[in-house]
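Trainee: Before anything else, here's the structure in question.
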Amino acid sequence: MTSSELRQSFLDFFAAKNHTIVPSASLMPSSPNLLFNNAGMNQFVPYFLGERQAPYKRAANTQKCIRAGGKHNDLEDVGFDTFHHTFFEMLGNWSFGDYFKEEALNWSWELLTKVWQLPKERIYATVYQPEDGGPGEFDEEAWNIWKKIFESEGLDPLIHIKKTSECFWQMGETGPCGPCSEIHLDATENGDTNGSLVDGDSPYCMELWNNVFIQLNAKEDGSFEPLAEKHVDTGMGFERVSGIMATTKNFTEFGKEPSNYASDLFSDIFKTISNLCGKTYKGTIPSSRDRLNEQEMIDVSFRVLADHVRTVTSAIADGILPGNEGRNYVIRRILRRGILYGKKIGLDIGFFEKLITPVVEKLGTVFPEIKKQESIIGRIIHSEEEAFGRTLDRGLQLFEKAASNGSTISGEDAFTLYDTYGFPLDLTQLLATEKDLTIDLATFDKKMEEQRNRARASQQKTVISVSSENDSNHSATSFTGYTVDKDPFKTTVVDFILSGKDNFIVFEKTPFYAEMGGQIGDSGTATIESFRFRITDTLKDKNDRFLHKIIPLEKSKDLNFKKDVLVGKTATLQLNTDRRRSIQRHHTATHLLHYALRKVLGTHVQQAGSLVTDNRLRFDFAHFEGIKEDELQRIENIVNSCILDNTAVKSYETDFDKKPENCLAFFGEKYGNKVRVVDIGNYSVELCGGTHVSTTGEIGLAKIISESAIAAGTRRIEAVAGDAAIEWVDHIQQKVEYVSQKIGSSINDLEKRLDQFLEQKGQAEKALKALQQKASANIADELIQKVDLRDGISYVIAKVSVETPNDLRALGNQILSKLDKGVVILGASIGSKASIVAFCSPEAISVGLKAGDIIRSVASQIDGTGGGKPDFAMGGGKSPNKLEAALSTI
């Protein structure tokens with residue numbers, strides 16, 4: 001079987017067992033504490049935790065995974081063996097409160113031995129046996145199931161079942177957990193190890209499949225209780241089983257050490273690398289990282305490149321672009337690690353982009369987003385390679401310089417290579433090892449921590465956290481304000497909170513939107529009996545209560561703020577509807593901007609942050625380069641076309657798993673069972689809890705006012721909509737009219753007239769420069785006539801009149817060129833400061849005269865500083881009135 005046939009047979013097998021075949025989740029995790037999706041079960045965690053109801057009882061899929069950075073980090077091992085990867089597929093099947101151990105283990109056996117025809121006598125299973133004090137208890141149920149399976153095949157269960165304390169899975173310190181059962185394959189030549197290699201880190205006995213049985217709930221006190229519903233979570237490394245299948249020729253020939261890289265998943269990439277560098281992959285494995293022979297370095301580099309191009313390609317396809325922070329930096333580091341290993345086998349900058357094609361051909365059919373994004377992936381990698389290429393050679397020069405200073409690379413140099421030149425530490429370590437050098441890691445770590453501290457200091461935020469006693473007993477505020485109503489709103493006061501200098505009121509229900517999802521909070525007024533308050537902002541606390549920030553008005557200022565005065569009273573709320581409508585225009589415009597960006601730049605564009613106010617919007621998004629002027633204009637035109645279309649904006653709640661297929665959701669957001677969908681016709685469909693206009697025509701107009709980079713791989717657009725956009729256009733028009741009047745042109749002829757002015761200006765500057773050069777030559781001739789000849793050296797020392805320090809330098813250079821052997825020292829008052837220059841010919845330098853020393857001496861006398869080389873130096877001072885006296889002392 002090919003790898004594609006193997007993958008499909010797995011999915012077909014479980015489809016026949018009534019499993020829903022679920023697409024792979026994005027590599028971008030929904031959980032903020034993960035760098036990447038790194039296991040098949042990640043997308044199903046909400047079902048295991050009971051946060052959402054699973055839409056199916058049984059599921060199977062192949063999940064894209066990246067393990068690089070964080071707790072699971074295989075990056076530095078990739079290349080040096082034949083089984084580590086940063087990118088891999090995880091085949092898996094799941095049961096959500098449906099079947100359990102009996103079916104799971106029997107189906108595993110059926111697929112492996114009946115469908116794939118693995119030799120039964122080479123298969124071993126593990127079951128959970130806790131150590132003293134370990135969680136849970138001996139998994140007798142799994143033992144008995146395996147016992148029955150092996151006995152039915154004439155195999156001794158005492159040999160083929162191994163008890164281990166390692167087979168217990170926990171999601172965290174508390175929550176769902178349970179025992180697991182691993183399936184191992186003995187790939188030794190004779191297959192007669194009787195299971196002695198199981199869990200022994202032998203390349204000849206590999207874990208194929210893990211069945212996790214989620215049946216317990218870990219409590220805070222360390223005890224365990226049975227779950228009401230039991231689940232199955234299994235995982236099989238696709239690259240591993242494909243590699244074993246290829247090495248053993250469809251599980252028929254054993255004895256050769258299995259290699260994940262032996263399968264056709266990698267052969268086409270190897271072929272492309274070989275065509276580019278003229279070298280051949282032979283599958284050698286280095287016995288040590290310290291000394292690699294030529295072929296070992298070739299083979300390590302081939303494996304690194306084959307793995308890393310799969311990782312980078314798949315990550316970019318899912319919107320994770322190379323950058324400077326977090327997961328984006330991990331992808332950049334992987335890409336640059338690949339480039340450096342490519343350099344080891346003679347590949348020049350620009351080669352990595354050429355490795356994309358075999359990856360797309362192999363993975364694009366099962367993960368269609370990779371095929372769809374092929375063009376943008378190539379552009380991003382091309383851009384990254386060019387950027388790294390500009391610093392690579394300089395970085396290698398710095399390394400060579402650092403390596404020449406002794407037996408240790410300083411921590412400062414290693415940090416500079418990392419911070420300035422983009423060299424990951426492991427690459428510097430590799431280069432150092434080749435030269436028998438070590439690295440001062442303690443200093444490197446110190447410099448890294450200092451950098452992290454600076455980053456934290458620059459990102460300090462003020463977080464308002466308002467709470468009162470018995471927080472857990474407080475009910476969430478009911479929000480009623482998705483439709484704007486000018487009429488006063490009646491509600492009941494349920495709490496009054498004092499937080500430092502700020503006062504807040506909580507109502508039972510409110511039309512005021514609390515700040516969240518980038519949208520600012522509402523404002524307005526509140527009247528409670530005879531007391532009136534201005535509501536300046538609305539926030540939300542951890543219990544989903546809306547906190548209305550208040551300023552007392554009129555006699556309310558004398559109110560003795562106590563809960564019993566306000567709580568339980570009827571309140572009349574008046575929303576500032578004009579402000580709210582302006583906020584809504586900007587929020588809906590933000591959705592249209594996101595749509596337009598993805599349409600013009602590509603679907604790799606993903607929201608990275610936003611701010612929606614009543615007078616502007618800010619939208620941060622993932623993109624790898626600056627947006628061209630024509631692209632920016634197209635984006636704005638698309639937004640305004642959507643506005644003119646006056647499309648209805650529909651909002652509705654639905655189950656998370658029933659949201660439209662084309663609906664965008666965002667990283668880091670925690671979605672419950674119910675979500676709110678904002679649907680703008682044929683343009684935009686997003687999950688969003690904010691408030692919006694009812695038709696796009698209400699926005700009126702949108703104008704982009706700026707586009708900039710805020711970090712590597714992240715761009716920012718600021719825009720205005722509605723009244724703010726009209727004000728912006730009026731402002732620009734006034735400026736255009738002002739310029740037109742100043743240059744005596746109609747607005748229609750403004751561009752033509754401006755071009756004429758610029759051409760005339762250029763001609764005038766050219767003529768002026770010629771006159772200045774002529775005047776400078778005359779001055780130079782005059783000064784040469786006053787030369788002072790001493791000991792064979794000609795001296796010209798003078799105070800002159802020039803416009804700029806550069807003019808002073810040019811004049812001095814002109815004079816020196818006309819002297820045979822000489823020293824030129826000139827000074828000038830330029831504005832409120834003095835400038836000085838000095839030139840020394842080679843003959844003057846040979847008798848001990850140095851321009852730098854001369855300038856330092858003169859500068860000290862005019863309250864300034866300066867310096868330079870022996871042949872040329874410049875300086876300046878704050879006291880031009882002392883210049884003549886200073887020059888006369890020379």
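The way I read the labels, and the way they are meant: chains A, B, ... in the order of the structure tokens, residue 1 as the first residue of every chain, and ligand 1 as the first ligand shown, with later ones counted on from there.
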Excluding Thr577 in chain A and its own-chain neighbours fewer than 3 positions away, which residues fall within 12 Å of it when counting only C-alpha atoms? Please give them as a PyMOL selection string.
Mentor: chain A and resi 481-488+511-513+522-525+573-574+580-584+614
Trainee: What's the 9 Å shell around Ser888 in chain A, counting only C-alpha atoms, without same-chain residues fewer than 3 positions away, as a list in words?
Mentor: Ile797, Ala798, Leu883, Glu884 and Ala885 of chain A
Trainee: Just N, CA and C atoms for this one: save the residues we selected as a PDB file, in the first residue's frame.
Mentor:
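out_25.pdb was written with the following content:
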```pdb
ATOM      1  N   ILE A 797      44.065  77.280   7.362  1.00  0.00           N
ATOM      2  CA  ILE A 797      43.233  77.342   8.565  1.00  0.00           C
ATOM      3  C   ILE A 797      42.371  78.585   8.444  1.00  0.00           C
ATOM      4  N   ALA A 798      41.017  78.392   8.451  1.00  0.00           N
ATOM      5  CA  ALA A 798      40.167  79.561   8.218  1.00  0.00           C
ATOM      6  C   ALA A 798      38.758  79.338   8.728  1.00  0.00           C
ATOM      7  N   LEU A 883      34.801  80.448  18.067  1.00  0.00           N
ATOM      8  CA  LEU A 883      35.407  79.688  16.977  1.00  0.00           C
ATOM      9  C   LEU A 883      36.708  80.317  16.482  1.00  0.00           C
ATOM     10  N   GLU A 884      36.706  81.638  16.230  1.00  0.00           N
ATOM     11  CA  GLU A 884      37.907  82.276  15.685  1.00  0.00           C
ATOM     12  C   GLU A 884      39.086  82.128  16.634  1.00  0.00           C
ATOM     13  N   ALA A 885      38.827  82.324  17.921  1.00  0.00           N
ATOM     14  CA  ALA A 885      39.902  82.203  18.900  1.00  0.00           C
ATOM     15  C   ALA A 885      40.453  80.787  18.938  1.00  0.00           C
TER      16      ALA A 885
END
```
Trainee: List as an NGL selection string the protein and nucleic acid residues near Glu137 in chain A, meaning an atom at most 12 Å away when only C-alpha atoms are counted, but skip any in the same chain fewer than 2 places from it.
Mentor: :A and (127-135 or 139-142 or 163-165 or 167-168 or 178-180 or 215-216 or 223-226)
Trainee: Where does DSSP see strand (DSSP E) in range 22-106 of chain A, if you list the residues as a ChimeraX atom specification?
Mentor: /A:58-66,87-96
Trainee: Would you please work out which residue, of A:Ala403, A:Ala777, A:Leu292, A:Ala59, is nearest to His19 in chain A when using only C-alpha atoms?
Mentor: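 Nearest candidate to His19 in chain A out of A:Ala403, A:Ala777, A:Leu292, A:Ala59: A:Ala59.
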Trainee: With the cut-off set at 8 Å and counting only C-alpha atoms, tabulate each residue of range 270-371 of chain A with an atom at most that distance from an atom of range 77-93 of chain A, showing the nearest atom pair and its distance in Å to one decimal, ordered by chain and increasing number, as a tab-separated table.
Mentor:
```
residue	atom	partner	partner_atom	distance
A:Ile285	CA	A:Asp81	CA	6.1
A:Pro286	CA	A:Phe80	CA	6.6
A:Arg289	CA	A:Phe80	CA	7.5
A:Asp299	CA	A:Gly79	CA	7.7
A:Val300	CA	A:Gly79	CA	4.5
A:Ser301	CA	A:Gly79	CA	6.6
A:Phe302	CA	A:Gly79	CA	7.6
A:Arg303	CA	A:Gly79	CA	4.8
A:Val304	CA	A:Gly79	CA	4.8
A:Asp307	CA	A:His85	CA	6.2
A:His308	CA	A:Thr86	CA	7.1
A:Arg310	CA	A:Phe87	CA	6.5
A:Thr311	CA	A:Phe87	CA	5.0
```
Trainee: Using only C-alpha atoms, which protein or nucleic acid residues come within 12 Å of range 385-396 of chain A? Drop anything in the same chain fewer than 6 positions from it, and give the result as number ranges by chain.
Mentor: A: 322-323, 332-333, 335-340, 342-343, 348-354, 378-379, 402-403, 413-424, 427-428, 431-432, 624-625, 712
